[in-house]
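This is entry.txt (compact mmCIF, C-alpha atoms and all ligand atoms).
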```txt
# COMPACT_ATOMS: atom_id res chain seq x y z
CA MET A 17 4.68 1.87 -1.92
CA ARG A 18 4.78 0.97 1.79
CA SER A 19 5.91 3.65 4.23
CA ASN A 20 8.74 2.64 6.57
CA ARG A 21 7.14 4.46 9.51
CA LEU A 22 4.85 2.54 11.85
CA GLU A 23 1.37 4.12 11.93
CA LEU A 24 -0.19 4.45 15.38
CA LEU A 25 -3.90 4.01 16.00
CA PRO A 26 -4.97 5.01 19.51
CA ALA A 27 -8.07 3.05 20.48
CA VAL A 28 -11.44 4.15 21.80
CA ASP A 29 -13.50 1.07 22.67
CA VAL A 30 -17.08 1.99 23.61
CA ARG A 31 -19.27 -0.04 25.98
CA ASP A 32 -22.55 1.27 27.35
CA GLY A 33 -21.63 4.80 26.25
CA GLN A 34 -18.23 4.83 27.98
CA ALA A 35 -14.65 4.52 26.73
CA VAL A 36 -13.40 1.29 28.29
CA ARG A 37 -10.62 -1.24 28.11
CA LEU A 38 -11.21 -4.93 28.62
CA VAL A 39 -8.77 -7.68 29.59
CA HIS A 40 -8.54 -10.43 26.92
CA GLY A 41 -11.63 -8.81 25.37
CA GLU A 42 -13.80 -10.38 28.09
CA SER A 43 -17.18 -8.84 28.75
CA GLY A 44 -17.34 -7.81 32.42
CA SER A 45 -13.62 -6.97 32.68
CA GLU A 46 -14.16 -3.31 31.82
CA THR A 47 -12.20 -0.43 33.25
CA SER A 48 -13.98 2.80 32.36
CA TYR A 49 -12.17 5.87 31.07
CA GLY A 50 -15.06 8.28 30.64
CA ASP A 51 -16.51 10.04 27.63
CA PRO A 52 -15.46 8.49 24.26
CA MET A 53 -15.62 11.90 22.53
CA GLU A 54 -13.21 13.40 25.06
CA ALA A 55 -10.81 10.48 24.68
CA ALA A 56 -10.93 10.71 20.86
CA LEU A 57 -10.42 14.48 20.90
CA ALA A 58 -7.49 14.07 23.29
CA TRP A 59 -5.76 11.63 20.90
CA GLN A 60 -6.47 13.98 18.00
CA ARG A 61 -5.02 16.97 19.88
CA ALA A 62 -1.93 14.88 20.70
CA GLY A 63 -1.27 14.43 16.97
CA ALA A 64 -2.92 11.10 16.12
CA GLU A 65 -3.34 10.42 12.41
CA TRP A 66 -5.71 7.50 13.01
CA LEU A 67 -8.35 6.54 15.55
CA HIS A 68 -9.38 2.90 16.12
CA LEU A 69 -13.02 3.20 17.24
CA VAL A 70 -14.81 0.08 18.48
CA ASP A 71 -18.47 -0.54 19.28
CA LEU A 72 -18.05 -3.30 21.88
CA ASP A 73 -21.79 -3.68 22.48
CA ALA A 74 -22.33 -4.32 18.78
CA ALA A 75 -19.45 -6.82 18.85
CA PHE A 76 -20.91 -8.68 21.85
CA GLY A 77 -24.53 -8.42 20.67
CA THR A 78 -25.54 -6.46 23.79
CA GLY A 79 -26.96 -3.49 21.88
CA ASP A 80 -24.95 -0.81 20.16
CA ASN A 81 -23.48 2.66 20.51
CA ARG A 82 -24.01 3.46 16.86
CA GLU A 83 -25.22 7.07 17.21
CA GLN A 84 -22.48 8.00 19.65
CA ILE A 85 -19.80 6.30 17.54
CA ALA A 86 -21.01 8.12 14.42
CA GLU A 87 -20.90 11.43 16.31
CA VAL A 88 -17.30 10.76 17.38
CA ALA A 89 -16.25 9.65 13.88
CA ARG A 90 -17.81 12.74 12.31
CA ALA A 91 -16.12 15.08 14.80
CA MET A 92 -12.64 13.81 13.86
CA ASP A 93 -10.29 15.44 11.35
CA LEU A 94 -8.10 12.35 11.41
CA ARG A 95 -8.72 8.96 9.75
CA VAL A 96 -11.05 6.63 11.60
CA GLU A 97 -11.05 2.82 11.54
CA LEU A 98 -14.44 1.53 12.74
CA SER A 99 -14.79 -1.90 14.32
CA GLY A 100 -17.38 -3.96 16.16
CA GLY A 101 -20.53 -5.63 14.93
CA ILE A 102 -20.25 -4.71 11.22
CA ARG A 103 -21.78 -7.86 9.77
CA ASP A 104 -24.36 -6.99 7.09
CA ASP A 105 -25.34 -4.38 4.52
CA ALA A 106 -27.17 -2.19 7.06
CA SER A 107 -24.32 -2.04 9.60
CA LEU A 108 -21.73 -1.58 6.84
CA SER A 109 -23.71 1.27 5.24
CA ALA A 110 -24.12 2.96 8.63
CA ALA A 111 -20.39 2.63 9.28
CA LEU A 112 -19.36 3.97 5.87
CA ALA A 113 -21.86 6.84 6.19
CA THR A 114 -19.80 8.21 9.10
CA GLY A 115 -17.06 9.07 6.58
CA CYS A 116 -14.61 6.66 8.23
CA ALA A 117 -11.45 5.75 6.32
CA ARG A 118 -12.03 2.02 6.75
CA VAL A 119 -14.07 -0.58 8.55
CA ASN A 120 -12.83 -3.67 10.27
CA LEU A 121 -14.89 -6.84 9.73
CA GLY A 122 -14.44 -9.72 12.15
CA THR A 123 -17.27 -12.16 12.76
CA ALA A 124 -18.63 -11.71 9.23
CA ALA A 125 -15.39 -13.01 7.74
CA LEU A 126 -15.93 -16.24 9.69
CA GLU A 127 -19.70 -16.64 9.42
CA THR A 128 -20.72 -15.06 6.11
CA PRO A 129 -17.68 -15.38 3.84
CA GLU A 130 -19.71 -14.82 0.63
CA TRP A 131 -20.93 -11.45 1.89
CA VAL A 132 -17.39 -10.48 2.90
CA ALA A 133 -16.03 -11.44 -0.54
CA LYS A 134 -18.76 -9.28 -2.10
CA VAL A 135 -18.01 -6.19 0.02
CA ILE A 136 -14.25 -6.59 -0.48
CA ALA A 137 -14.92 -6.55 -4.24
CA GLU A 138 -17.20 -3.51 -3.89
CA HIS A 139 -15.23 -1.41 -1.41
CA GLY A 140 -11.57 -2.50 -1.75
CA ASP A 141 -9.29 -0.60 0.60
CA LEU A 142 -12.20 0.57 2.77
CA ILE A 143 -12.45 -2.96 4.14
CA ALA A 144 -9.99 -4.56 6.55
CA VAL A 145 -10.50 -7.91 8.23
CA GLY A 146 -9.78 -8.41 11.90
CA LEU A 147 -8.03 -11.72 12.59
CA ASP A 148 -8.55 -12.15 16.32
CA VAL A 149 -6.86 -15.31 17.55
CA ARG A 150 -6.23 -17.57 20.47
CA GLY A 151 -3.22 -19.57 19.35
CA THR A 152 -4.02 -19.95 15.67
CA THR A 153 -7.80 -20.31 16.15
CA LEU A 154 -9.91 -17.35 15.10
CA ARG A 155 -12.59 -16.01 17.42
CA GLY A 156 -15.82 -14.23 16.46
CA ARG A 157 -18.93 -12.75 18.13
CA GLY A 158 -16.93 -10.42 20.38
CA TRP A 159 -14.19 -13.05 20.58
CA THR A 160 -16.52 -15.53 22.34
CA ARG A 161 -16.78 -18.25 19.65
CA ASP A 162 -14.26 -20.26 17.67
CA GLY A 163 -14.30 -19.51 13.97
CA GLY A 164 -11.71 -21.58 12.14
CA ASP A 165 -8.01 -21.64 11.38
CA LEU A 166 -6.07 -18.38 11.05
CA TYR A 167 -3.95 -19.39 8.06
CA GLU A 168 -6.74 -21.07 6.08
CA THR A 169 -8.92 -18.00 6.51
CA LEU A 170 -6.06 -15.68 5.62
CA ALA A 171 -5.39 -17.61 2.39
CA ARG A 172 -9.09 -17.43 1.46
CA LEU A 173 -9.30 -13.69 2.16
CA ASP A 174 -6.07 -13.05 0.24
CA SER A 175 -7.52 -14.87 -2.76
CA GLU A 176 -10.58 -12.60 -2.52
CA GLY A 177 -8.41 -9.48 -2.57
CA CYS A 178 -8.69 -8.40 1.07
CA ALA A 179 -6.57 -5.23 1.37
CA ARG A 180 -5.41 -5.39 4.97
CA TYR A 181 -5.56 -7.40 8.22
CA VAL A 182 -5.84 -6.25 11.81
CA VAL A 183 -4.24 -9.02 13.87
CA THR A 184 -4.97 -9.40 17.59
CA ASP A 185 -3.59 -11.99 19.97
CA ILE A 186 -6.52 -12.13 22.42
CA ALA A 187 -4.24 -13.54 25.13
CA LYS A 188 -2.33 -10.24 25.03
CA ASP A 189 -5.19 -7.80 24.56
CA GLY A 190 -5.62 -5.28 27.39
CA THR A 191 -2.90 -6.97 29.49
CA LEU A 192 0.07 -4.63 28.96
CA GLN A 193 2.22 -7.75 28.38
CA GLY A 194 3.71 -6.72 25.05
CA PRO A 195 2.59 -7.64 21.52
CA ASN A 196 2.97 -11.15 20.09
CA LEU A 197 5.80 -10.43 17.67
CA GLU A 198 6.11 -14.06 16.58
CA LEU A 199 2.45 -14.19 15.54
CA LEU A 200 2.85 -10.94 13.60
CA ARG A 201 5.96 -12.22 11.84
CA ASN A 202 4.16 -15.44 10.91
CA VAL A 203 1.13 -13.60 9.55
CA CYS A 204 3.34 -11.21 7.57
CA ALA A 205 5.17 -14.22 6.09
CA ALA A 206 1.83 -15.70 5.01
CA THR A 207 0.45 -12.62 3.22
CA GLU A 208 1.68 -9.79 1.02
CA LYS A 209 -0.95 -7.49 2.47
CA PRO A 210 -0.28 -4.96 5.24
CA VAL A 211 -0.91 -5.98 8.82
CA VAL A 212 -2.05 -3.75 11.68
CA ALA A 213 -0.94 -5.11 15.05
CA SER A 214 -3.36 -4.98 17.97
CA GLY A 215 -3.21 -5.96 21.62
CA GLY A 216 -0.72 -5.88 24.41
CA VAL A 217 1.41 -2.80 23.72
CA SER A 218 2.84 -1.72 27.08
CA SER A 219 5.86 0.49 26.42
CA LEU A 220 7.72 2.63 23.93
CA ASP A 221 10.11 -0.31 23.49
CA ASP A 222 7.15 -2.45 22.34
CA LEU A 223 6.41 0.19 19.71
CA ARG A 224 10.05 0.27 18.64
CA ALA A 225 9.99 -3.53 18.36
CA LEU A 226 6.85 -3.33 16.19
CA ALA A 227 8.53 -0.65 14.06
CA THR A 228 11.32 -3.13 13.24
CA LEU A 229 8.62 -5.32 11.61
CA VAL A 230 7.54 -2.63 9.14
CA PRO A 231 9.79 -4.06 6.38
CA GLU A 232 8.11 -7.46 6.95
CA GLY A 233 4.62 -5.96 6.49
CA VAL A 234 3.47 -4.52 9.82
CA GLU A 235 1.96 -1.19 8.81
CA GLY A 236 0.51 0.04 12.08
CA ALA A 237 -0.14 -0.60 15.74
CA ILE A 238 -3.31 -0.11 17.75
CA VAL A 239 -2.65 1.17 21.26
CA GLY A 240 -5.31 1.12 23.95
CA LYS A 241 -4.63 0.30 27.58
CA ALA A 242 -1.08 1.70 27.65
CA LEU A 243 -2.34 5.18 26.74
CA TYR A 244 -5.22 5.09 29.23
CA ALA A 245 -2.91 3.77 31.96
CA LYS A 246 -0.47 6.59 31.07
CA ALA A 247 2.43 4.20 30.47
CA PHE A 248 3.51 6.85 27.94
CA THR A 249 1.87 9.72 26.12
CA LEU A 250 0.75 9.60 22.51
CA GLU A 251 3.23 12.38 21.74
CA GLU A 252 6.05 10.16 23.10
CA ALA A 253 4.73 7.21 21.11
CA LEU A 254 4.65 9.19 17.86
CA GLU A 255 8.18 10.42 18.53
CA ALA A 256 9.38 6.85 19.27
CA VAL A 257 8.23 5.56 15.87
CA SER A 258 9.20 8.60 13.80
CA VAL A 259 12.02 7.90 11.35
O1 LIG A 301 -12.30 -4.85 17.85
C1 LIG A 301 -13.26 -5.57 18.17
O2 LIG A 301 -14.20 -5.80 17.37
C2 LIG A 301 -13.33 -6.19 19.55
C3 LIG A 301 -14.33 -7.11 19.83
C4 LIG A 301 -14.40 -7.68 21.09
C5 LIG A 301 -13.49 -7.37 22.09
C6 LIG A 301 -12.48 -6.44 21.80
C7 LIG A 301 -12.40 -5.86 20.55
N1 LIG A 301 -11.43 -4.96 20.24
C8 LIG A 301 -10.40 -4.56 21.15
C9 LIG A 301 -9.49 -3.61 20.51
O3 LIG A 301 -9.51 -3.30 19.35
C10 LIG A 301 -8.46 -2.94 21.44
O4 LIG A 301 -8.74 -1.57 21.43
C11 LIG A 301 -7.07 -3.11 20.93
O5 LIG A 301 -6.80 -4.46 20.71
C12 LIG A 301 -6.05 -2.46 21.91
O6 LIG A 301 -5.55 -3.39 22.85
P1 LIG A 301 -4.58 -2.93 24.06
O7 LIG A 301 -3.55 -2.00 23.49
O8 LIG A 301 -3.97 -4.21 24.58
O9 LIG A 301 -5.45 -2.24 25.08
```
Can the structure in the file be given as structure tokens, please?
Amino acid sequence: MRSNRLELLPAVDVRDGQAVRLVHGESGSETSYGDPMEAALAWQRAGAEWLHLVDLDAAFGTGDNREQIAEVARAMDLRVELSGGIRDDASLSAALATGCARVNLGTAALETPEWVAKVIAEHGDLIAVGLDVRGTTLRGRGWTRDGGDLYETLARLDSEGCARYVVTDIAKDGTLQGPNLELLRNVCAATEKPVVASGGVSSLDDLRALATLVPEGVEGAIVGKALYAKAFTLEEALEAVSV
């Protein structure tokens, strides 16, 4: 049964060994926030139940931070969602070996759908698919390439038994302009599966607005920039969505 409380997933996006936030996911727009382990431990101490941990270099194809990410994931007592550059058996095995609670596949769902169908069948709830969109066009390879229509891909993944979707409006990501509630409503109307909202959260009111979508299927919200910019604390965020 679905919970009626919005789950919060503070984000640690790693580029070149540093916790960063990008604007619109664009390489080169980084603001650095220091050591990823320290950021992750800070969210854990503040009461986080989940951590959204992203290897941006792996997503962009500019290397990877695999060892460091695995170290962070292993140091956590909370549940970790791993994202960025998980596209084949080797990267999926490495991700799952960290003991993470789930992995988020993006590019692979657009470029190697047969492989994604296979790993969904093998790993069930451990696999989520990131639907990263501009308008209703999906973007892959670190959000740099078009990858098809959102709703056609969603229907295909649903038919393959995908357990969950992480939905990002790239136009909102890292901008502190508020989440795209209309997009989230539309995606929830198109699937029975839970949706994790990502990108744009700027205030406690944004989180309260996302919490009103829980009955429609929004299960959680990823929060990055707003926490690093100290728009509110994680403790305040958890309090705002507690019911
Ligand atoms: O998740 C990815 O694979 C990814 C790839 C390329 C660019 C960005 C990527 N993720 C960004 C995030 O997951 C952000 O942490 C998240 O959307 C939070 O956004 P915000 O609250 O607006 O800072």
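Comparing the minimum interatomic distances between A:Val203 and each of A:Thr160, A:Thr191, A:Thr123, A:Thr152, counting only C-alpha atoms, we find that A:Thr152 sits nearest.
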message = Just want the residues within 6 Å of ligand LIG 301 (chain A), written as a list of chain:residue names, counting only C-alpha atoms and all ligand atoms.
response = A:Ala27, A:Asp29, A:Gly41, A:Val70, A:Leu72, A:Ala75, A:Ser99, A:Gly100, A:Gly158, A:Trp159, A:Asp189, A:Gly190, A:Thr191, A:Leu192, A:Ser214, A:Gly215, A:Gly216, A:Val217, A:Ile238, A:Val239, A:Gly240, A:Lys241
Pull the closest atom pair for each residue of stretch 23-95 of chain A that gets at most 12 Å from stretch 245-259 of chain A, along with the distance in Å to one decimal, counting all atoms listed in the file, ordering rows by chain and then ascending residue number, as JSON lines.
```
{"residue": "A:Glu23", "atom": "CA", "partner": "A:Val257", "partner_atom": "CA", "distance": 8.0}
{"residue": "A:Leu24", "atom": "CA", "partner": "A:Leu254", "partner_atom": "CA", "distance": 7.2}
{"residue": "A:Leu25", "atom": "CA", "partner": "A:Leu250", "partner_atom": "CA", "distance": 9.8}
{"residue": "A:Pro26", "atom": "CA", "partner": "A:Leu250", "partner_atom": "CA", "distance": 7.9}
{"residue": "A:Ala27", "atom": "CA", "partner": "A:Leu250", "partner_atom": "CA", "distance": 11.2}
{"residue": "A:Val36", "atom": "CA", "partner": "A:Ala245", "partner_atom": "CA", "distance": 11.4}
{"residue": "A:Arg37", "atom": "CA", "partner": "A:Ala245", "partner_atom": "CA", "distance": 10.0}
{"residue": "A:Thr47", "atom": "CA", "partner": "A:Ala245", "partner_atom": "CA", "distance": 10.3}
{"residue": "A:Ser48", "atom": "CA", "partner": "A:Ala245", "partner_atom": "CA", "distance": 11.1}
{"residue": "A:Tyr49", "atom": "CA", "partner": "A:Ala245", "partner_atom": "CA", "distance": 9.5}
{"residue": "A:Ala55", "atom": "CA", "partner": "A:Leu250", "partner_atom": "CA", "distance": 11.8}
{"residue": "A:Ala56", "atom": "CA", "partner": "A:Leu250", "partner_atom": "CA", "distance": 11.8}
{"residue": "A:Ala58", "atom": "CA", "partner": "A:Leu250", "partner_atom": "CA", "distance": 9.4}
{"residue": "A:Trp59", "atom": "CA", "partner": "A:Leu250", "partner_atom": "CA", "distance": 7.0}
{"residue": "A:Gln60", "atom": "CA", "partner": "A:Leu250", "partner_atom": "CA", "distance": 9.6}
{"residue": "A:Arg61", "atom": "CA", "partner": "A:Glu251", "partner_atom": "CA", "distance": 9.6}
{"residue": "A:Ala62", "atom": "CA", "partner": "A:Glu251", "partner_atom": "CA", "distance": 5.8}
{"residue": "A:Gly63", "atom": "CA", "partner": "A:Glu251", "partner_atom": "CA", "distance": 6.9}
{"residue": "A:Ala64", "atom": "CA", "partner": "A:Leu250", "partner_atom": "CA", "distance": 7.5}
{"residue": "A:Glu65", "atom": "CA", "partner": "A:Leu254", "partner_atom": "CA", "distance": 9.7}
{"residue": "A:Trp66", "atom": "CA", "partner": "A:Leu254", "partner_atom": "CA", "distance": 11.6}
{"residue": "A:Leu67", "atom": "CA", "partner": "A:Leu250", "partner_atom": "CA", "distance": 11.9}
```
Contact table stretch 111-132 of chain A vs stretch 82-92 of chain A, cut-off 10 Å, shortest pair per residue, only C-alpha atoms, as a Markdown table:
```
| residue | atom | partner | partner_atom | distance |
| --- | --- | --- | --- | --- |
| A:Ala111 | CA | A:Ala86 | CA | 7.5 |
| A:Leu112 | CA | A:Ala86 | CA | 9.6 |
| A:Ala113 | CA | A:Ala86 | CA | 8.4 |
| A:Thr114 | CA | A:Ala86 | CA | 5.5 |
| A:Gly115 | CA | A:Arg90 | CA | 6.8 |
| A:Cys116 | CA | A:Ala89 | CA | 6.6 |
| A:Ala117 | CA | A:Ala89 | CA | 9.8 |
```
Preceding selection exported with C-alpha atoms as an mmCIF file, keeping the file's coordinate frame:
```
data_model
loop_
_atom_site.group_PDB
_atom_site.id
_atom_site.type_symbol
_atom_site.label_atom_id
_atom_site.label_comp_id
_atom_site.auth_asym_id
_atom_site.auth_seq_id
_atom_site.Cartn_x
_atom_site.Cartn_y
_atom_site.Cartn_z
ATOM 1 C CA ALA A 111 -20.390 2.630 9.280
ATOM 2 C CA LEU A 112 -19.360 3.970 5.870
ATOM 3 C CA ALA A 113 -21.860 6.840 6.190
ATOM 4 C CA THR A 114 -19.800 8.210 9.100
ATOM 5 C CA GLY A 115 -17.060 9.070 6.580
ATOM 6 C CA CYS A 116 -14.610 6.660 8.230
ATOM 7 C CA ALA A 117 -11.450 5.750 6.320
#
```
Sorted by chain and rising residue number, list the residues of stretch 101-193 of chain A at most 10 Å from stretch 224-236 of chain A (counting all atoms listed in the file), each with its closest atom pair and distance in Å to one decimal, as CSV.
```
residue,atom,partner,partner_atom,distance
A:Arg180,CA,A:Glu235,CA,9.3
A:Tyr181,CA,A:Val234,CA,9.6
A:Val182,CA,A:Gly236,CA,8.9
A:Val183,CA,A:Val234,CA,9.8
```
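The interatomic distance for the pair atom CA of A:Ser43 and atom CA of A:Asp80 works out to 14.1 Å.
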Worksheet entry | Surrounding residues of stretch 163-171 of chain A excluding itself and chain neighbours under 4 positions, 6 Å, only C-alpha atoms, as a ChimeraX atom specification | /A:126,152-155
Next, write the just-selected residues to a file, as an mmCIF file, in the frame of the given file, keeping C-alpha atoms as the atom set.
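Wrote again31.cif, looks like this:
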```cif
data_model
loop_
_atom_site.group_PDB
_atom_site.id
_atom_site.type_symbol
_atom_site.label_atom_id
_atom_site.label_comp_id
_atom_site.auth_asym_id
_atom_site.auth_seq_id
_atom_site.Cartn_x
_atom_site.Cartn_y
_atom_site.Cartn_z
ATOM 1 C CA LEU A 126 -15.930 -16.240 9.690
ATOM 2 C CA THR A 152 -4.020 -19.950 15.670
ATOM 3 C CA THR A 153 -7.800 -20.310 16.150
ATOM 4 C CA LEU A 154 -9.910 -17.350 15.100
ATOM 5 C CA ARG A 155 -12.590 -16.010 17.420
#
```
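The two atoms in question, atom CA of A:Glu42 and atom CA of A:Pro129, are spaced 25.1 Å apart.
From atom CA of A:Gly177 back to atom CA of A:Gly140, the distance works out to 7.7 Å.
Using only C-alpha atoms, the nearest neighbour of A:Glu138 within the list A:Ala74, A:Val28, A:Leu200, A:Leu108 is A:Leu108.
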### Message
Can you pull out the residues contacting A:Asp185? Cut-off 8 Å, using all atoms listed in the file, and skip same-chain residues under 4 positions away; I want them as a ChimeraX atom specification.
### Response
/A:148-151,189,195-196,199,214-215
Any chance you could export the current selection's C-alpha atoms as a PDB file, in the coordinates of the input?
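Printed below is out_9.pdb as written:
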```pdb
ATOM      1  CA  ASP A 148      -8.550 -12.150  16.320  1.00  0.00           C
ATOM      2  CA  VAL A 149      -6.860 -15.310  17.550  1.00  0.00           C
ATOM      3  CA  ARG A 150      -6.230 -17.570  20.470  1.00  0.00           C
ATOM      4  CA  GLY A 151      -3.220 -19.570  19.350  1.00  0.00           C
ATOM      5  CA  ASP A 189      -5.190  -7.800  24.560  1.00  0.00           C
ATOM      6  CA  PRO A 195       2.590  -7.640  21.520  1.00  0.00           C
ATOM      7  CA  ASN A 196       2.970 -11.150  20.090  1.00  0.00           C
ATOM      8  CA  LEU A 199       2.450 -14.190  15.540  1.00  0.00           C
ATOM      9  CA  SER A 214      -3.360  -4.980  17.970  1.00  0.00           C
ATOM     10  CA  GLY A 215      -3.210  -5.960  21.620  1.00  0.00           C
TER      11      GLY A 215
END
```
Padded axis-aligned box of stretch 97-116 of chain A (8 Å per side), centre and edge lengths, Å, one decimal, as lines of an AutoDock Vina configuration file:
```
center_x = -19.1
center_y = 0.6
center_z = 10.3
size_x = 32.1
size_y = 32.9
size_z = 27.6
```
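Closest approach to A:Pro210 among A:Ala187, A:Leu57, A:Leu22, A:Leu223 is made by A:Leu22 (distances from all atoms listed in the file).
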